[in-house]
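Chemist: Please see the structure below; I have some questions.
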Amino acid sequence: MRIKVVEGKREKKQFLSFREKKYKSEARYIDNSYYMIETIFAEKLHFTKGLKVMPVMILDDGENVLCEAIIAYAPLLPEYVQVCFFEALEGCSDAVEMLLDHAAKLGREYGCKRIVIGLSGHVNYGLGFLASHYDKVNSFSSPGNSEYYNEYFKGLGCQTIKLNSYYAQTLDHKLDRYSALISKLRRKYDFRTFDKRKFEYYAKAYTDLNNACFTEHRYYYHRDYEDDLEMLKELFFFINEDSLYFAFDGDRPVGFILWYPDYNELAKPGESFGTKHFFLNKLKGKKIKTVKVMEWGVLDEYRGCGLPVALVDCVYQTLSNYNCSFMESSWILEENEDSNSICEMITDGRYKQYAVYEKEIG
């Protein structure tokens with residue numbers, strides 16, 4: 001076996017081809033990261049200009065890929081070197097160990113103390129491996145992987161960081177018990193959707209709220225305005241303005257919630273999601289039944305008043321326009337007691353589990 005650093009067009013093609021063939025051969029999950037990796041390889045993302053990025057593959061003696069990942073270092077997250085977009089064949093634990101050893105070597109060069117496996121450069125772009133419900137198709141922006149991925153990292157002595165998602169089977173009347181609280185909050189605060197005519201203003205509000213709300217969040221680090229402007233412009237190619245709600249106290253944004261339809265319902269298992277699926281939706285009008293609630297954030301001084309419940313109500317009220325009947329949340333760190341308790345209140349319960357892995361650099 002040997003390590004191959006991905007530099008030229010040929011190596012990049014081999015890296016992407018491995019992912020594509022693997023998803024097609026398993027035909028269970030939808031690859032939501034293929035386009036992101038293509039963009040990273042093309043060096044088009046402003047976000048990656050602040051990262052040290054090294055794609056690597058572990059090859060066997062016949063030059064076949066056994067496993068691969070993009071190793072990344074973010075100066076604003078100095079404790080960690082990241083192993084992003086990991087993929088591997090089954091029965092290749094030695095190759096995975098070689099990859100982690102290489103990541104540790106690079107981490108030492110940057111002064112890192114730990115490896116984090118499953119973080120995609122920043123939490124806004126993805127976090128974790130699927131750790132349950134392996135027979136289910138992954139929802140949009142969520143990982144899909146076989147169980148043996150988790151066994152690799154457990155077997156190599158990695159620490160497991162657990163995450164949960166939540167679901168609601170029916171959305172009608174889900175928040176009725178909180179109707180008095182929601183009415184009170186609606187009288188006190190102004191709830192607005194994203195306004196594309198003021199794109200930069202609302203994108204800036206989103207960035208400011210993220211940076212203020214998630215300062216204590218594991219793996220989160222500061223975003224600049226151009227990072228999120230880039231991300232939101234890409235995202236709003238798919239979503240409508242009512243997919244991003246803000247709560248205002250007077251003229252001050254104090255909270256937000258981001259959701260969108262589960263676009264993976266438009267793709268077939270084994271495919272890489274792309275713009276073609278969006279156009280198929282527009283042209284053929286396929287109805288999406290599931291909505292993904294991706295994230296919410298509320299400033300510290302507003303967390304005790306129930307504002308997250310009112311933001312979720314904004315989403316549930318909007319969904320009557322979309323004919324959606326099932327809600328799935330994105331991942332929530334198990335250590336995040338506040339968010340987990342809110343989800344227990346407003347959903348049917350926990351759904352899929354995910355895991356991130358950490359390993360000390362010796």
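Simple scheme: letters A, B, ... for chains in structure tokens order, numbers from 1 for residues in each chain, numbers from 1 for ligands in the order shown.
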Residues within 8 Å of range 340-354 of chain A, please, as a list in words. Count only C-alpha atoms; anything in the same chain fewer than 5 positions from it doesn't count.
Modeler: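 The filter keeps Gly128, Phe129, Leu130, Ala131, Ser132, His133, Lys162, Leu163, Asn164, Ser165, Tyr166, Tyr167, Ala168, Gln169, Lys174, Leu175, Pro308, Val309, Trp331, Ile332 and Glu334 of chain A.
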Chemist: Based on the selection just made, write C-alpha atoms of those residues as a CSV table (one decimal), in the first residue's frame.
Modeler:
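Full text of again20.csv as output:
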chain,number,residue,atom,x,y,z
A,128,GLY,CA,-20.7,13.0,11.2
A,129,PHE,CA,-21.2,9.5,10.0
A,130,LEU,CA,-24.5,7.6,9.9
A,131,ALA,CA,-24.6,5.3,13.0
A,132,SER,CA,-28.0,3.7,12.8
A,133,HIS,CA,-30.8,3.0,10.2
A,162,LYS,CA,-22.6,11.1,19.4
A,163,LEU,CA,-25.3,13.1,17.5
A,164,ASN,CA,-29.1,12.6,17.1
A,165,SER,CA,-31.8,13.5,14.7
A,166,TYR,CA,-35.5,13.8,15.4
A,167,TYR,CA,-38.7,13.2,13.4
A,168,ALA,CA,-42.4,14.1,13.3
A,169,GLN,CA,-44.7,11.8,11.4
A,174,LYS,CA,-48.0,19.3,16.6
A,175,LEU,CA,-47.6,22.6,18.5
A,308,PRO,CA,-37.2,28.4,19.2
A,309,VAL,CA,-40.7,27.0,19.5
A,331,TRP,CA,-27.9,16.3,13.5
A,332,ILE,CA,-27.8,17.6,17.0
A,334,GLU,CA,-26.0,14.7,22.1
Chemist: Find the residues of range 254-333 of chain A that sit at most 9 Å from range 227-239 of chain A; for each, write down the nearest two atoms and how far apart they are in Å, to one decimal. Count only C-alpha atoms. Sort by chain, then by number going up, and give it as a Markdown table.
Modeler:
| residue | atom | partner | partner_atom | distance |
| --- | --- | --- | --- | --- |
| A:Trp259 | CA | A:Ile239 | CA | 8.9 |
| A:Tyr260 | CA | A:Ile239 | CA | 6.4 |
| A:Pro261 | CA | A:Ile239 | CA | 8.0 |
| A:Tyr263 | CA | A:Phe238 | CA | 8.8 |
| A:Thr275 | CA | A:Phe238 | CA | 8.5 |
| A:Phe278 | CA | A:Phe238 | CA | 6.7 |
Chemist: Limited to C-alpha atoms, could you put the picked residues into a file as a tab-separated table (two decimals), in the first residue's frame?
Modeler:
chain	number	residue	atom	x	y	z
A	259	TRP	CA	-35.23	24.43	6.65
A	260	TYR	CA	-35.79	23.01	3.18
A	261	PRO	CA	-37.45	20.08	1.43
A	263	TYR	CA	-34.32	17.01	-2.17
A	275	THR	CA	-28.71	20.51	-10.32
A	278	PHE	CA	-33.73	20.40	-9.09
Chemist: Going by DSSP on the backbone, which residues of range 2-100 of chain A come out as helix (DSSP H, G or I)? List them as an MDAnalysis selection string.
Modeler: chainID A and resid 9:26 34:41 47:50 93:100
Chemist: Using N, CA and C atoms, can you write the selected residues to a file as a short mmCIF file (atom, residue, chain, number, x, y, z; two decimals), in the first residue's frame?
Modeler:
data_model
loop_
_atom_site.label_atom_id
_atom_site.label_comp_id
_atom_site.auth_asym_id
_atom_site.auth_seq_id
_atom_site.Cartn_x
_atom_site.Cartn_y
_atom_site.Cartn_z
N LYS A 9 -5.03 16.59 -12.46
CA LYS A 9 -6.36 16.25 -12.96
C LYS A 9 -6.62 14.75 -12.91
N ARG A 10 -5.59 13.97 -13.22
CA ARG A 10 -5.76 12.51 -13.23
C ARG A 10 -6.09 11.99 -11.85
N GLU A 11 -5.36 12.48 -10.83
CA GLU A 11 -5.62 12.02 -9.47
C GLU A 11 -6.99 12.48 -8.97
N LYS A 12 -7.37 13.70 -9.32
CA LYS A 12 -8.69 14.21 -8.91
C LYS A 12 -9.80 13.36 -9.53
N LYS A 13 -9.60 13.00 -10.78
CA LYS A 13 -10.59 12.16 -11.45
C LYS A 13 -10.69 10.80 -10.77
N GLN A 14 -9.53 10.23 -10.38
CA GLN A 14 -9.52 8.94 -9.70
C GLN A 14 -10.22 9.04 -8.34
N PHE A 15 -9.99 10.12 -7.62
CA PHE A 15 -10.61 10.35 -6.31
C PHE A 15 -12.13 10.39 -6.46
N LEU A 16 -12.63 11.17 -7.40
CA LEU A 16 -14.07 11.30 -7.61
C LEU A 16 -14.68 10.02 -8.15
N SER A 17 -13.94 9.34 -9.02
CA SER A 17 -14.43 8.09 -9.60
C SER A 17 -14.63 7.02 -8.54
N PHE A 18 -13.73 6.99 -7.54
CA PHE A 18 -13.88 6.01 -6.46
C PHE A 18 -15.20 6.23 -5.72
N ARG A 19 -15.50 7.48 -5.39
CA ARG A 19 -16.77 7.79 -4.72
C ARG A 19 -17.94 7.36 -5.58
N GLU A 20 -17.90 7.75 -6.85
CA GLU A 20 -19.03 7.49 -7.74
C GLU A 20 -19.30 5.99 -7.88
N LYS A 21 -18.23 5.22 -8.08
CA LYS A 21 -18.39 3.77 -8.24
C LYS A 21 -18.88 3.13 -6.95
N LYS A 22 -18.40 3.63 -5.83
CA LYS A 22 -18.80 3.05 -4.55
C LYS A 22 -20.29 3.26 -4.28
N TYR A 23 -20.77 4.47 -4.51
CA TYR A 23 -22.20 4.73 -4.30
C TYR A 23 -23.06 3.93 -5.26
N LYS A 24 -22.63 3.81 -6.50
CA LYS A 24 -23.41 3.04 -7.48
C LYS A 24 -23.42 1.57 -7.14
N SER A 25 -22.30 1.05 -6.66
CA SER A 25 -22.22 -0.38 -6.37
C SER A 25 -23.08 -0.75 -5.16
N GLU A 26 -23.17 0.15 -4.18
CA GLU A 26 -23.99 -0.12 -3.00
C GLU A 26 -25.45 0.24 -3.24
N TYR A 34 -20.47 15.07 -3.55
CA TYR A 34 -19.71 14.99 -4.80
C TYR A 34 -19.49 16.38 -5.40
N TYR A 35 -20.57 17.15 -5.48
CA TYR A 35 -20.46 18.48 -6.07
C TYR A 35 -19.54 19.38 -5.25
N MET A 36 -19.63 19.28 -3.92
CA MET A 36 -18.77 20.07 -3.04
C MET A 36 -17.30 19.76 -3.29
N ILE A 37 -16.98 18.48 -3.43
CA ILE A 37 -15.60 18.08 -3.66
C ILE A 37 -15.12 18.58 -5.02
N GLU A 38 -15.98 18.47 -6.03
CA GLU A 38 -15.63 19.01 -7.35
C GLU A 38 -15.28 20.49 -7.24
N THR A 39 -16.06 21.22 -6.48
CA THR A 39 -15.83 22.66 -6.33
C THR A 39 -14.54 22.94 -5.57
N ILE A 40 -14.25 22.12 -4.57
CA ILE A 40 -12.98 22.26 -3.85
C ILE A 40 -11.81 22.01 -4.79
N PHE A 41 -11.91 20.96 -5.60
CA PHE A 41 -10.84 20.64 -6.54
C PHE A 41 -10.63 21.76 -7.55
N PHE A 47 -14.56 29.92 0.76
CA PHE A 47 -14.43 29.30 2.06
C PHE A 47 -13.12 28.52 2.19
N THR A 48 -12.74 27.77 1.16
CA THR A 48 -11.56 26.91 1.27
C THR A 48 -10.25 27.69 1.18
N LYS A 49 -10.32 28.97 0.83
CA LYS A 49 -9.10 29.78 0.79
C LYS A 49 -8.52 29.99 2.18
N GLY A 50 -9.36 29.81 3.19
CA GLY A 50 -8.89 29.93 4.56
C GLY A 50 -8.45 28.61 5.16
N SER A 93 -8.86 -2.07 7.00
CA SER A 93 -8.50 -1.37 8.23
C SER A 93 -7.06 -0.88 8.22
N ASP A 94 -6.17 -1.65 7.60
CA ASP A 94 -4.77 -1.22 7.53
C ASP A 94 -4.63 0.06 6.71
N ALA A 95 -5.40 0.16 5.64
CA ALA A 95 -5.37 1.37 4.80
C ALA A 95 -5.93 2.56 5.56
N VAL A 96 -7.00 2.35 6.31
CA VAL A 96 -7.59 3.43 7.11
C VAL A 96 -6.61 3.89 8.18
N GLU A 97 -5.93 2.96 8.79
CA GLU A 97 -4.93 3.32 9.80
C GLU A 97 -3.80 4.13 9.17
N MET A 98 -3.38 3.75 7.96
CA MET A 98 -2.34 4.51 7.26
C MET A 98 -2.81 5.93 6.97
N LEU A 99 -4.07 6.08 6.59
CA LEU A 99 -4.62 7.41 6.31
C LEU A 99 -4.62 8.27 7.57
N LEU A 100 -5.05 7.68 8.70
CA LEU A 100 -5.08 8.45 9.95
C LEU A 100 -3.67 8.79 10.42
#
Chemist: From the list A:His217, A:Glu7, A:Asp208, A:Val312, which residue is nearest Glu337 in chain A when using only C-alpha atoms?
Modeler: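 Of the candidates, the smallest distance to Glu337 in chain A is held by A:His217.
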Chemist: Looking at A:Phe85, A:Gly250, A:Thr170, A:Leu299, which one is nearest to Cys67 in chain A, with distances taken over only C-alpha atoms?
Modeler: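 The closest residue to Cys67 in chain A is A:Phe85.
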Chemist: Looking at A:Lys44, A:Tyr148, A:Cys158, A:Glu109, which one is nearest to Lys359 in chain A, with distances taken over only C-alpha atoms?
Modeler: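 Checking each candidate against Lys359 in chain A, we get A:Cys158 as the closest.
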Chemist: Quick one, how far is CA of Glu87 in chain A from CA of Gly8 in chain A?
Modeler: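 Between CA of Glu87 in chain A and CA of Gly8 in chain A the gap works out to 19.8 Å.
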